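So this block is data-v3.pdb, PDB, C-alpha atoms:
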```pdb
ATOM      1  CA  MET N 173    -109.960 117.775 161.066
ATOM      2  CA  PHE N 174    -111.853 114.451 161.037
ATOM      3  CA  PHE N 175    -111.517 111.940 158.260
ATOM      4  CA  LEU N 176    -112.596 108.307 157.857
ATOM      5  CA  GLU N 177    -110.290 105.714 156.375
ATOM      6  CA  GLU N 178    -111.072 102.469 154.593
ATOM      7  CA  LEU N 179    -109.746  99.513 156.548
ATOM      8  CA  THR N 180    -107.357  96.713 155.814
ATOM      9  CA  SER N 181    -106.976  93.388 157.548
ATOM     10  CA  ASP N 182    -103.918  94.805 159.295
ATOM     11  CA  ASP N 183    -106.126  97.373 161.010
ATOM     12  CA  TYR N 184    -108.162  94.655 162.707
ATOM     13  CA  VAL N 185    -104.996  93.022 164.017
ATOM     14  CA  GLN N 186    -103.293  96.297 164.996
ATOM     15  CA  TYR N 187    -106.255  97.563 166.992
ATOM     16  CA  ASN N 188    -107.299  94.140 168.347
ATOM     17  CA  VAL N 189    -110.856  94.459 167.036
ATOM     18  CA  THR N 190    -113.208  91.855 168.482
ATOM     19  CA  THR N 191    -116.467  93.837 168.383
ATOM     20  CA  VAL N 192    -118.193  95.621 165.534
ATOM     21  CA  PRO N 193    -118.530  98.452 165.263
ATOM     22  CA  THR N 194    -115.444  99.701 167.098
ATOM     23  CA  PHE N 195    -114.548 103.399 167.115
ATOM     24  CA  VAL N 196    -110.900 104.385 167.399
ATOM     25  CA  PHE N 197    -110.006 108.073 167.654
ATOM     26  CA  LEU N 198    -106.420 108.675 166.561
ATOM     27  CA  ASN N 199    -103.989 111.508 167.048
ATOM     28  CA  ALA N 200    -101.879 112.660 164.098
ATOM     29  CA  ASP N 201     -98.945 110.562 165.295
ATOM     30  CA  GLY N 202    -101.080 107.423 165.235
ATOM     31  CA  SER N 203    -101.531 107.155 169.003
ATOM     32  CA  ILE N 204    -105.007 106.353 170.287
ATOM     33  CA  SER N 205    -106.867 109.307 171.767
ATOM     34  CA  ASP N 206    -110.079 107.373 172.526
ATOM     35  CA  ARG N 207    -111.563 103.952 171.857
ATOM     36  CA  ILE N 208    -115.167 102.752 172.052
ATOM     37  CA  ASP N 209    -116.012  99.083 171.522
ATOM     38  CA  GLY N 210    -119.558  98.602 170.278
ATOM     39  CA  GLY N 211    -122.114 101.098 169.059
ATOM     40  CA  GLU N 212    -124.611 101.095 171.922
ATOM     41  CA  ASP N 213    -123.196 104.133 173.723
ATOM     42  CA  VAL N 214    -124.135 106.704 171.099
ATOM     43  CA  SER N 215    -123.828 109.600 173.526
ATOM     44  CA  ARG N 216    -120.197 108.732 174.251
ATOM     45  CA  VAL N 217    -119.397 108.452 170.542
ATOM     46  CA  THR N 218    -120.991 111.850 170.022
ATOM     47  CA  GLN N 219    -119.123 113.299 172.973
ATOM     48  CA  CYS N 220    -115.759 112.102 171.650
ATOM     49  CA  TYR N 221    -116.632 113.349 168.185
ATOM     50  CA  ALA N 222    -117.691 116.763 169.469
ATOM     51  CA  ARG N 223    -114.633 117.116 171.685
ATOM     52  CA  LEU N 224    -112.236 116.360 168.865
ATOM     53  CA  SER N 225    -114.108 117.888 165.939
ATOM     54  CA  GLY N 226    -112.353 121.212 166.372
ATOM     55  CA  ALA N 227    -108.889 119.681 166.309
ATOM     56  CA  SER N 228    -106.863 119.768 163.122
ATOM     57  CA  SER N 229    -104.751 116.695 163.770
ATOM     58  CA  ILE N 230    -107.272 113.933 164.534
ATOM     59  CA  ALA N 231    -108.121 110.895 162.450
ATOM     60  CA  THR N 232    -111.011 108.542 163.139
ATOM     61  CA  LYS N 233    -111.315 104.918 162.120
ATOM     62  CA  THR N 234    -114.681 103.182 162.345
ATOM     63  CA  LEU N 235    -114.013  99.470 162.356
ATOM     64  CA  ALA N 236    -117.074  97.515 161.233
ATOM     65  CA  SER N 237    -116.830  94.178 159.487
ATOM     66  CA  GLY N 238    -118.184  94.177 155.976
ATOM     67  CA  GLN N 239    -118.759  97.935 155.885
ATOM     68  CA  THR N 240    -117.073 100.565 153.779
ATOM     69  CA  THR N 241    -116.655 103.854 155.602
ATOM     70  CA  SER N 242    -116.978 107.192 153.858
ATOM     71  CA  ARG N 243    -117.119 110.912 154.426
ATOM     72  CA  GLU N 244    -120.830 110.770 153.597
ATOM     73  CA  GLN N 245    -121.491 108.519 156.596
ATOM     74  CA  GLU N 246    -119.758 110.987 158.890
ATOM     75  CA  HIS N 247    -121.773 113.916 157.609
ATOM     76  CA  ASP N 248    -125.067 111.973 157.672
ATOM     77  CA  THR N 249    -124.647 110.841 161.284
ATOM     78  CA  ALA N 250    -123.387 113.993 163.003
ATOM     79  CA  PRO N 251    -126.364 116.250 162.172
ATOM     80  CA  HIS N 252    -128.806 113.527 163.251
ATOM     81  CA  VAL N 253    -127.098 113.119 166.627
ATOM     82  CA  GLN N 254    -126.906 116.901 167.092
ATOM     83  CA  GLN N 255    -130.611 117.226 166.321
ATOM     84  CA  SER N 256    -131.400 114.566 168.945
ATOM     85  CA  LEU N 257    -129.353 116.482 171.515
ATOM     86  CA  ASN N 258    -131.071 119.749 170.601
ATOM     87  CA  ASP N 259    -134.485 118.116 171.003
ATOM     88  CA  ARG N 260    -133.434 116.893 174.450
ATOM     89  CA  LEU N 261    -132.183 120.338 175.428
ATOM     90  CA  LYS N 262    -135.481 121.912 174.341
ATOM     91  CA  SER N 263    -137.369 119.358 176.430
ATOM     92  CA  LEU N 264    -135.246 120.084 179.509
ATOM     93  CA  ILE N 265    -135.541 123.849 179.073
ATOM     94  CA  ASN N 266    -139.336 123.549 178.908
ATOM     95  CA  SER N 267    -139.673 120.930 181.651
ATOM     96  CA  SER N 268    -140.731 123.611 184.141
ATOM     97  CA  PRO N 269    -141.741 127.277 183.822
ATOM     98  CA  ILE N 270    -138.587 128.186 185.767
ATOM     99  CA  VAL N 271    -135.515 125.992 185.245
ATOM    100  CA  ILE N 272    -131.973 126.515 186.398
ATOM    101  CA  PHE N 273    -129.068 124.548 184.953
ATOM    102  CA  GLN N 274    -126.503 124.402 187.724
ATOM    103  CA  LYS N 275    -123.603 122.495 189.232
ATOM    104  CA  GLY N 276    -125.088 120.231 191.883
ATOM    105  CA  THR N 277    -128.610 120.288 193.304
ATOM    106  CA  PRO N 278    -130.509 123.054 195.150
ATOM    107  CA  THR N 279    -129.801 121.290 198.448
ATOM    108  CA  GLU N 280    -126.132 120.677 197.584
ATOM    109  CA  PRO N 281    -124.740 123.228 195.084
ATOM    110  CA  LYS N 282    -121.262 122.315 193.844
ATOM    111  CA  CYS N 283    -119.961 125.824 193.172
ATOM    112  CA  GLY N 284    -120.323 129.285 194.657
ATOM    113  CA  PHE N 285    -122.080 130.744 191.619
ATOM    114  CA  SER N 286    -124.739 128.026 191.645
ATOM    115  CA  ARG N 287    -125.176 128.474 195.393
ATOM    116  CA  GLN N 288    -125.761 132.222 194.977
ATOM    117  CA  ALA N 289    -128.266 131.654 192.150
ATOM    118  CA  ILE N 290    -130.244 129.170 194.264
ATOM    119  CA  GLU N 291    -130.245 131.579 197.216
ATOM    120  CA  MET N 292    -131.679 134.295 194.975
ATOM    121  CA  LEU N 293    -134.483 132.032 193.747
ATOM    122  CA  ASN N 294    -135.235 130.969 197.311
ATOM    123  CA  ASP N 295    -135.247 134.605 198.435
ATOM    124  CA  ALA N 296    -137.756 135.323 195.659
ATOM    125  CA  ASN N 297    -139.799 132.449 197.129
ATOM    126  CA  VAL N 298    -140.632 130.920 193.740
ATOM    127  CA  SER N 299    -140.961 127.262 192.853
ATOM    128  CA  PHE N 300    -138.521 126.075 190.196
ATOM    129  CA  GLY N 301    -137.048 123.036 188.484
ATOM    130  CA  TYR N 302    -133.361 122.346 187.991
ATOM    131  CA  PHE N 303    -130.865 120.197 186.101
ATOM    132  CA  ASN N 304    -127.459 119.157 187.475
ATOM    133  CA  ILE N 305    -125.057 119.638 184.541
ATOM    134  CA  LEU N 306    -122.328 117.695 186.364
ATOM    135  CA  GLU N 307    -124.354 114.525 185.767
ATOM    136  CA  ASP N 308    -124.455 114.803 181.968
ATOM    137  CA  ASP N 309    -121.554 116.193 179.957
ATOM    138  CA  ASP N 310    -123.537 116.085 176.696
ATOM    139  CA  VAL N 311    -126.052 118.521 178.181
ATOM    140  CA  ARG N 312    -123.312 120.539 179.886
ATOM    141  CA  GLN N 313    -121.396 121.172 176.661
ATOM    142  CA  GLY N 314    -124.362 121.141 174.294
ATOM    143  CA  LEU N 315    -126.350 123.789 176.145
ATOM    144  CA  LYS N 316    -123.477 126.256 175.887
ATOM    145  CA  ALA N 317    -123.653 126.099 172.091
ATOM    146  CA  PHE N 318    -127.444 125.790 171.944
ATOM    147  CA  SER N 319    -128.021 129.001 173.908
ATOM    148  CA  ASP N 320    -124.733 130.713 173.038
ATOM    149  CA  TRP N 321    -123.973 131.182 176.733
ATOM    150  CA  PRO N 322    -120.571 129.873 177.872
ATOM    151  CA  THR N 323    -120.951 129.604 181.650
ATOM    152  CA  TYR N 324    -123.126 128.170 184.419
ATOM    153  CA  PRO N 325    -125.523 128.558 186.123
ATOM    154  CA  GLN N 326    -128.073 129.391 183.410
ATOM    155  CA  LEU N 327    -131.630 130.445 184.237
ATOM    156  CA  TYR N 328    -134.566 129.864 181.875
ATOM    157  CA  VAL N 329    -138.088 131.218 182.302
ATOM    158  CA  ARG N 330    -140.938 129.971 180.112
ATOM    159  CA  GLY N 331    -138.466 128.353 177.722
ATOM    160  CA  GLU N 332    -136.325 131.466 177.223
ATOM    161  CA  LEU N 333    -132.785 132.095 178.476
ATOM    162  CA  VAL N 334    -132.618 134.828 181.123
ATOM    163  CA  GLY N 335    -128.869 134.586 181.637
ATOM    164  CA  GLY N 336    -126.360 133.739 184.322
ATOM    165  CA  LEU N 337    -125.678 134.932 187.851
ATOM    166  CA  ASP N 338    -124.708 138.480 186.862
ATOM    167  CA  ILE N 339    -127.983 139.003 184.970
ATOM    168  CA  MET N 340    -129.940 137.567 187.903
ATOM    169  CA  LYS N 341    -128.177 139.966 190.281
ATOM    170  CA  GLU N 342    -128.952 142.947 188.060
ATOM    171  CA  MET N 343    -132.638 142.011 187.921
ATOM    172  CA  ALA N 344    -132.788 141.352 191.659
ATOM    173  CA  ASP N 345    -131.522 144.891 192.268
ATOM    174  CA  GLU N 346    -134.271 146.405 190.115
ATOM    175  CA  GLU N 347    -137.653 147.425 191.515
ATOM    176  CA  GLY N 348    -139.676 144.352 192.458
ATOM    177  CA  GLY N 349    -136.674 142.041 192.130
ATOM    178  CA  LEU N 350    -136.755 138.838 190.105
ATOM    179  CA  VAL N 351    -140.483 138.350 190.626
ATOM    180  CA  GLU N 352    -141.446 141.662 189.038
ATOM    181  CA  GLN N 353    -138.716 141.770 186.408
ATOM    182  CA  LEU N 354    -139.486 138.254 185.121
ATOM    183  CA  GLU N 355    -143.235 138.336 185.855
ATOM    184  CA  LEU N 356    -143.114 135.355 188.211
ATOM    185  CA  LYS N 357    -146.005 136.209 190.544
ATOM    186  CA  GLU N 358    -147.925 133.065 189.599
ATOM    187  CA  PHE N 359    -145.011 130.909 190.778
ATOM    188  CA  VAL N 360    -144.531 132.590 194.153
ATOM    189  CA  ILE N 361    -145.089 130.255 197.102
ATOM    190  CA  ALA N 362    -147.586 131.858 199.467
ATOM    191  CA  LYS N 363    -145.915 133.004 202.681
ATOM    192  CA  SER N 364    -149.051 133.456 204.730
ATOM    193  CA  ILE N 365    -152.225 131.506 205.317
ATOM    194  CA  SER N 366    -154.813 132.535 202.795
ATOM    195  CA  ALA N 367    -158.338 133.563 203.668
ATOM    196  CA  PRO N 368    -160.796 130.650 203.738
ATOM    197  CA  ALA N 369    -162.141 129.743 200.324
ATOM    198  CA  SER N 370    -165.664 130.926 199.660
ATOM    199  CA  ASP N 371    -166.798 127.352 199.361
ATOM    200  CA  GLU N 372    -165.537 123.816 198.872
ATOM    201  CA  LYS N 373    -165.791 124.088 195.078
ATOM    202  CA  ASP N 374    -163.380 127.038 194.974
ATOM    203  CA  LEU N 375    -160.870 125.137 197.121
ATOM    204  CA  ASN N 376    -161.148 122.057 194.908
ATOM    205  CA  GLU N 377    -160.418 124.204 191.846
ATOM    206  CA  ARG N 378    -157.306 125.543 193.556
ATOM    207  CA  LEU N 379    -156.202 122.019 194.406
ATOM    208  CA  LYS N 380    -156.686 120.850 190.801
ATOM    209  CA  GLU N 381    -154.622 123.765 189.507
ATOM    210  CA  LEU N 382    -151.815 123.076 191.954
ATOM    211  CA  ILE N 383    -151.778 119.326 191.291
ATOM    212  CA  ASN N 384    -151.490 119.977 187.546
ATOM    213  CA  ARG N 385    -148.991 122.836 187.798
ATOM    214  CA  HIS N 386    -146.208 120.431 186.824
ATOM    215  CA  ARG N 387    -146.129 116.895 185.497
ATOM    216  CA  ILE N 388    -144.424 115.796 188.742
ATOM    217  CA  MET N 389    -145.831 117.720 191.694
ATOM    218  CA  LEU N 390    -144.756 117.270 195.305
ATOM    219  CA  PHE N 391    -146.717 118.549 198.292
ATOM    220  CA  MET N 392    -144.313 118.707 201.201
ATOM    221  CA  LYS N 393    -143.353 120.488 204.390
ATOM    222  CA  GLY N 394    -140.904 123.161 203.326
ATOM    223  CA  VAL N 395    -139.335 123.483 199.875
ATOM    224  CA  PRO N 396    -136.888 121.159 198.061
ATOM    225  CA  SER N 397    -133.933 123.366 199.005
ATOM    226  CA  GLY N 398    -135.086 123.454 202.637
ATOM    227  CA  PRO N 399    -137.325 120.548 203.730
ATOM    228  CA  ARG N 400    -139.002 121.023 207.109
ATOM    229  CA  CYS N 401    -139.400 117.373 208.096
ATOM    230  CA  GLY N 402    -137.499 114.115 207.642
ATOM    231  CA  PHE N 403    -140.134 112.471 205.445
ATOM    232  CA  SER N 404    -140.177 115.410 203.047
ATOM    233  CA  ARG N 405    -136.378 115.437 202.967
ATOM    234  CA  GLN N 406    -136.285 111.743 202.045
ATOM    235  CA  MET N 407    -138.814 112.302 199.255
ATOM    236  CA  VAL N 408    -136.732 115.148 197.822
ATOM    237  CA  GLU N 409    -133.592 113.008 197.966
ATOM    238  CA  ILE N 410    -135.343 110.207 196.059
ATOM    239  CA  LEU N 411    -136.592 112.559 193.332
ATOM    240  CA  ASP N 412    -133.210 114.283 193.077
ATOM    241  CA  SER N 413    -131.501 110.903 192.635
ATOM    242  CA  PHE N 414    -133.385 110.410 189.343
ATOM    243  CA  GLU N 415    -132.414 113.875 188.030
ATOM    244  CA  VAL N 416    -136.005 114.642 186.968
ATOM    245  CA  SER N 417    -137.625 118.051 186.917
ATOM    246  CA  TYR N 418    -140.438 118.532 189.415
ATOM    247  CA  ASP N 419    -142.302 121.278 191.241
ATOM    248  CA  ALA N 420    -143.257 121.500 194.911
ATOM    249  CA  PHE N 421    -145.740 123.231 197.166
ATOM    250  CA  ASP N 422    -145.044 124.017 200.820
ATOM    251  CA  ILE N 423    -148.181 122.933 202.686
ATOM    252  CA  LEU N 424    -146.963 124.803 205.787
ATOM    253  CA  SER N 425    -147.582 128.058 203.911
ATOM    254  CA  ASP N 426    -151.317 127.488 203.361
ATOM    255  CA  GLU N 427    -153.545 125.756 205.908
ATOM    256  CA  ASP N 428    -156.473 125.557 203.456
ATOM    257  CA  ILE N 429    -154.369 123.529 201.027
ATOM    258  CA  ARG N 430    -152.828 121.463 203.822
ATOM    259  CA  GLN N 431    -156.178 120.304 205.183
ATOM    260  CA  GLY N 432    -158.130 120.378 201.926
ATOM    261  CA  LEU N 433    -155.753 118.132 199.985
ATOM    262  CA  LYS N 434    -156.075 115.399 202.605
ATOM    263  CA  ALA N 435    -159.810 115.191 201.952
ATOM    264  CA  TYR N 436    -159.557 115.821 198.212
ATOM    265  CA  SER N 437    -157.189 112.883 197.641
ATOM    266  CA  ASP N 438    -158.255 110.805 200.645
ATOM    267  CA  TRP N 439    -154.648 110.654 201.821
ATOM    268  CA  PRO N 440    -154.069 111.738 205.444
ATOM    269  CA  THR N 441    -150.319 112.427 205.554
ATOM    270  CA  TYR N 442    -147.518 114.345 203.851
ATOM    271  CA  PRO N 443    -145.509 114.363 201.645
ATOM    272  CA  GLN N 444    -147.784 113.492 198.720
ATOM    273  CA  LEU N 445    -146.427 112.941 195.205
ATOM    274  CA  TYR N 446    -148.539 113.425 192.068
ATOM    275  CA  VAL N 447    -147.604 112.386 188.519
ATOM    276  CA  ASP N 448    -149.643 113.497 185.511
ATOM    277  CA  GLY N 449    -152.330 114.863 187.814
ATOM    278  CA  GLU N 450    -152.808 111.593 189.705
ATOM    279  CA  LEU N 451    -151.775 110.760 193.263
ATOM    280  CA  LEU N 452    -148.846 108.347 193.289
ATOM    281  CA  GLY N 453    -148.716 108.150 197.068
ATOM    282  CA  GLY N 454    -146.638 109.076 200.089
ATOM    283  CA  LEU N 455    -143.079 108.240 201.057
ATOM    284  CA  ASP N 456    -143.722 104.544 201.771
ATOM    285  CA  ILE N 457    -145.356 103.963 198.381
ATOM    286  CA  VAL N 458    -142.594 105.848 196.569
ATOM    287  CA  LYS N 459    -139.930 103.799 198.377
ATOM    288  CA  GLU N 460    -141.676 100.559 197.400
ATOM    289  CA  LEU N 461    -141.792 101.635 193.758
ATOM    290  CA  GLN N 462    -138.127 102.606 193.907
ATOM    291  CA  GLU N 463    -137.105  99.275 195.401
ATOM    292  CA  GLY N 464    -139.198  97.428 192.803
ATOM    293  CA  GLY N 465    -137.560  99.316 189.932
ATOM    294  CA  GLU N 466    -140.854 100.889 188.822
ATOM    295  CA  LEU N 467    -140.353 104.461 190.007
ATOM    296  CA  GLU N 468    -137.897 105.602 187.338
ATOM    297  CA  GLU N 469    -140.186 104.461 184.508
ATOM    298  CA  THR N 470    -143.128 106.240 186.145
ATOM    299  CA  LEU N 471    -141.210 109.498 186.555
ATOM    300  CA  ARG N 472    -139.677 109.501 183.068
ATOM    301  CA  CYS N 473    -142.720 108.447 181.004
TER     302      CYS N 473
END
```
Write-out of the structure in C-alpha cells:
Amino acid sequence: MFFLEELTSDDYVQYNVTTVPTFVFLNADGSISDRIDGGEDVSRVTQCYARLSGASSIATKTLASGQTTSREQEHDTAPHVQQSLNDRLKSLINSSPIVIFQKGTPTEPKCGFSRQAIEMLNDANVSFGYFNILEDDDVRQGLKAFSDWPTYPQLYVRGELVGGLDIMKEMADEEGGLVEQLELKEFVIAKSISAPASDEKDLNERLKELINRHRIMLFMKGVPSGPRCGFSRQMVEILDSFEVSYDAFDILSDEDIRQGLKAYSDWPTYPQLYVDGELLGGLDIVKELQEGGELEETLRC
C-alpha cells in the first residue's frame, strides 16, 4: 500500500534533495522505484502513483521543505487528479461523433487489431476522429478503467462505448453493417456526385452544415486514411502531428461541394482547413502558422 512519512534532515541528505517538492517512490527494501524532481509534471506523478497504488510493498516520500506530509494530503490529491483525467477522457470521447482509440494513426496503425478496425470504418465510408493511445499513457491506462474495457482499439459513437474489434466485426456482419447497426448514415461520405442543388441557397446551407460538422474540419482530396494528392497528405500529416481530433470531407466525392466551396469561401484551391466554422486557409497558410508556433494554440483552443 501507499503511505507518506514525515521527513528528517537525514532524508534530504540520503536522497540528495535539491528541489522542492521531490517525489521518491520506494520499494519495501528501501530501493528507489521512481523519482520525480519538482512538481510541474503532475501527469507523471499521477502515473507513478496509479502504477504503484495496487502494490502492497511500496512507500512514498514527498520531500518538500517546510511541509509536513500526511495521509490526508494523499487522499485529497488523488481524487482531484483522477477527476481531471476523467474530465479529459470525457472530452476526448465526445470530440467527434465517431471516435476510435487505437494504437497509431489511421494512416499508420501500430497493431493488427487497430488496422482491422480502421479498415472496417473505411469500408463503411464514414468520417471519424481518432486518438493514438501510444502517445499518452495516462489516457491509455485511464480509459480502460473509465469504460471498464481492458483492450484496444475502442470505438465510441455519440459519446458511448460500442466496444472493441470483436463487437465491430459482429455488427459489420449484421444486416446493413456498421452504418445501419450504429445509425451512422449522417456520417457517410457520399460516394457519388449528388444531383445539382435546387438553387444556390440550398448549396450554401449544405456548405454551412459541413463546415460546422466538427470544430476542426478539413476539405481534402481523399480521406485522412487515404489522401488522393500530395497537398492533402501533407495537411493530414500536420494535423496528425498535433494529435487533435478532426473531421474531413472528400471533395472528389461531390462536385457540387468541390466547386461551391471555392466560391463560398473565396478560396480557389484544396485542401481547405476550417476551425470553429471559419476558414483558416490552405496548406501554405497552415505551414506558416506551424512554423510560427501559432497553429497548436489555434487547434487546441
- Task: State, in Å with one decimal place, the distance from CA of Val311 (chain N) to CA of Gln353 (chain N).
- Result: 27.7 Å
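Picture a line from CA of Phe359 (chain N) to CA of Glu332 (chain N); it runs 16.1 Å.
From CA of Asp309 (chain N) back to CA of Leu467 (chain N), the distance works out to 24.3 Å.
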- Message: Residues within 8 Å of Arg472 (chain N), please, as a list in words. Count only C-alpha atoms; anything in the same chain fewer than 3 positions from it doesn't count.
- Response: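 In the requested form, the answer reads Val416, Glu468 and Glu469 of chain N.
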Would you write out, as a compact mmCIF listing (two decimals) with C-alpha atoms, in the coordinates of the input, every residue that the PyMOL selection byres ((chain N and resi 287-303) around 8) captures in this file?
```
# COMPACT_ATOMS: atom_id res chain seq x y z
CA LEU N 264 -135.25 120.08 179.51
CA SER N 267 -139.67 120.93 181.65
CA SER N 268 -140.73 123.61 184.14
CA PRO N 269 -141.74 127.28 183.82
CA ILE N 270 -138.59 128.19 185.77
CA VAL N 271 -135.51 125.99 185.24
CA ILE N 272 -131.97 126.52 186.40
CA PHE N 273 -129.07 124.55 184.95
CA GLN N 274 -126.50 124.40 187.72
CA THR N 277 -128.61 120.29 193.30
CA PRO N 278 -130.51 123.05 195.15
CA PRO N 281 -124.74 123.23 195.08
CA LYS N 282 -121.26 122.32 193.84
CA CYS N 283 -119.96 125.82 193.17
CA GLY N 284 -120.32 129.28 194.66
CA PHE N 285 -122.08 130.74 191.62
CA SER N 286 -124.74 128.03 191.64
CA ASN N 304 -127.46 119.16 187.48
CA ILE N 305 -125.06 119.64 184.54
CA PRO N 325 -125.52 128.56 186.12
CA LEU N 337 -125.68 134.93 187.85
CA MET N 340 -129.94 137.57 187.90
CA ALA N 344 -132.79 141.35 191.66
CA GLY N 349 -136.67 142.04 192.13
CA LEU N 350 -136.76 138.84 190.10
CA VAL N 351 -140.48 138.35 190.63
CA LEU N 356 -143.11 135.35 188.21
CA PHE N 359 -145.01 130.91 190.78
CA VAL N 360 -144.53 132.59 194.15
CA ILE N 361 -145.09 130.26 197.10
CA SER N 397 -133.93 123.37 199.00
CA GLU N 415 -132.41 113.88 188.03
CA VAL N 416 -136.00 114.64 186.97
CA SER N 417 -137.62 118.05 186.92
CA TYR N 418 -140.44 118.53 189.42
CA ASP N 419 -142.30 121.28 191.24
CA ALA N 420 -143.26 121.50 194.91
CA PHE N 421 -145.74 123.23 197.17
```
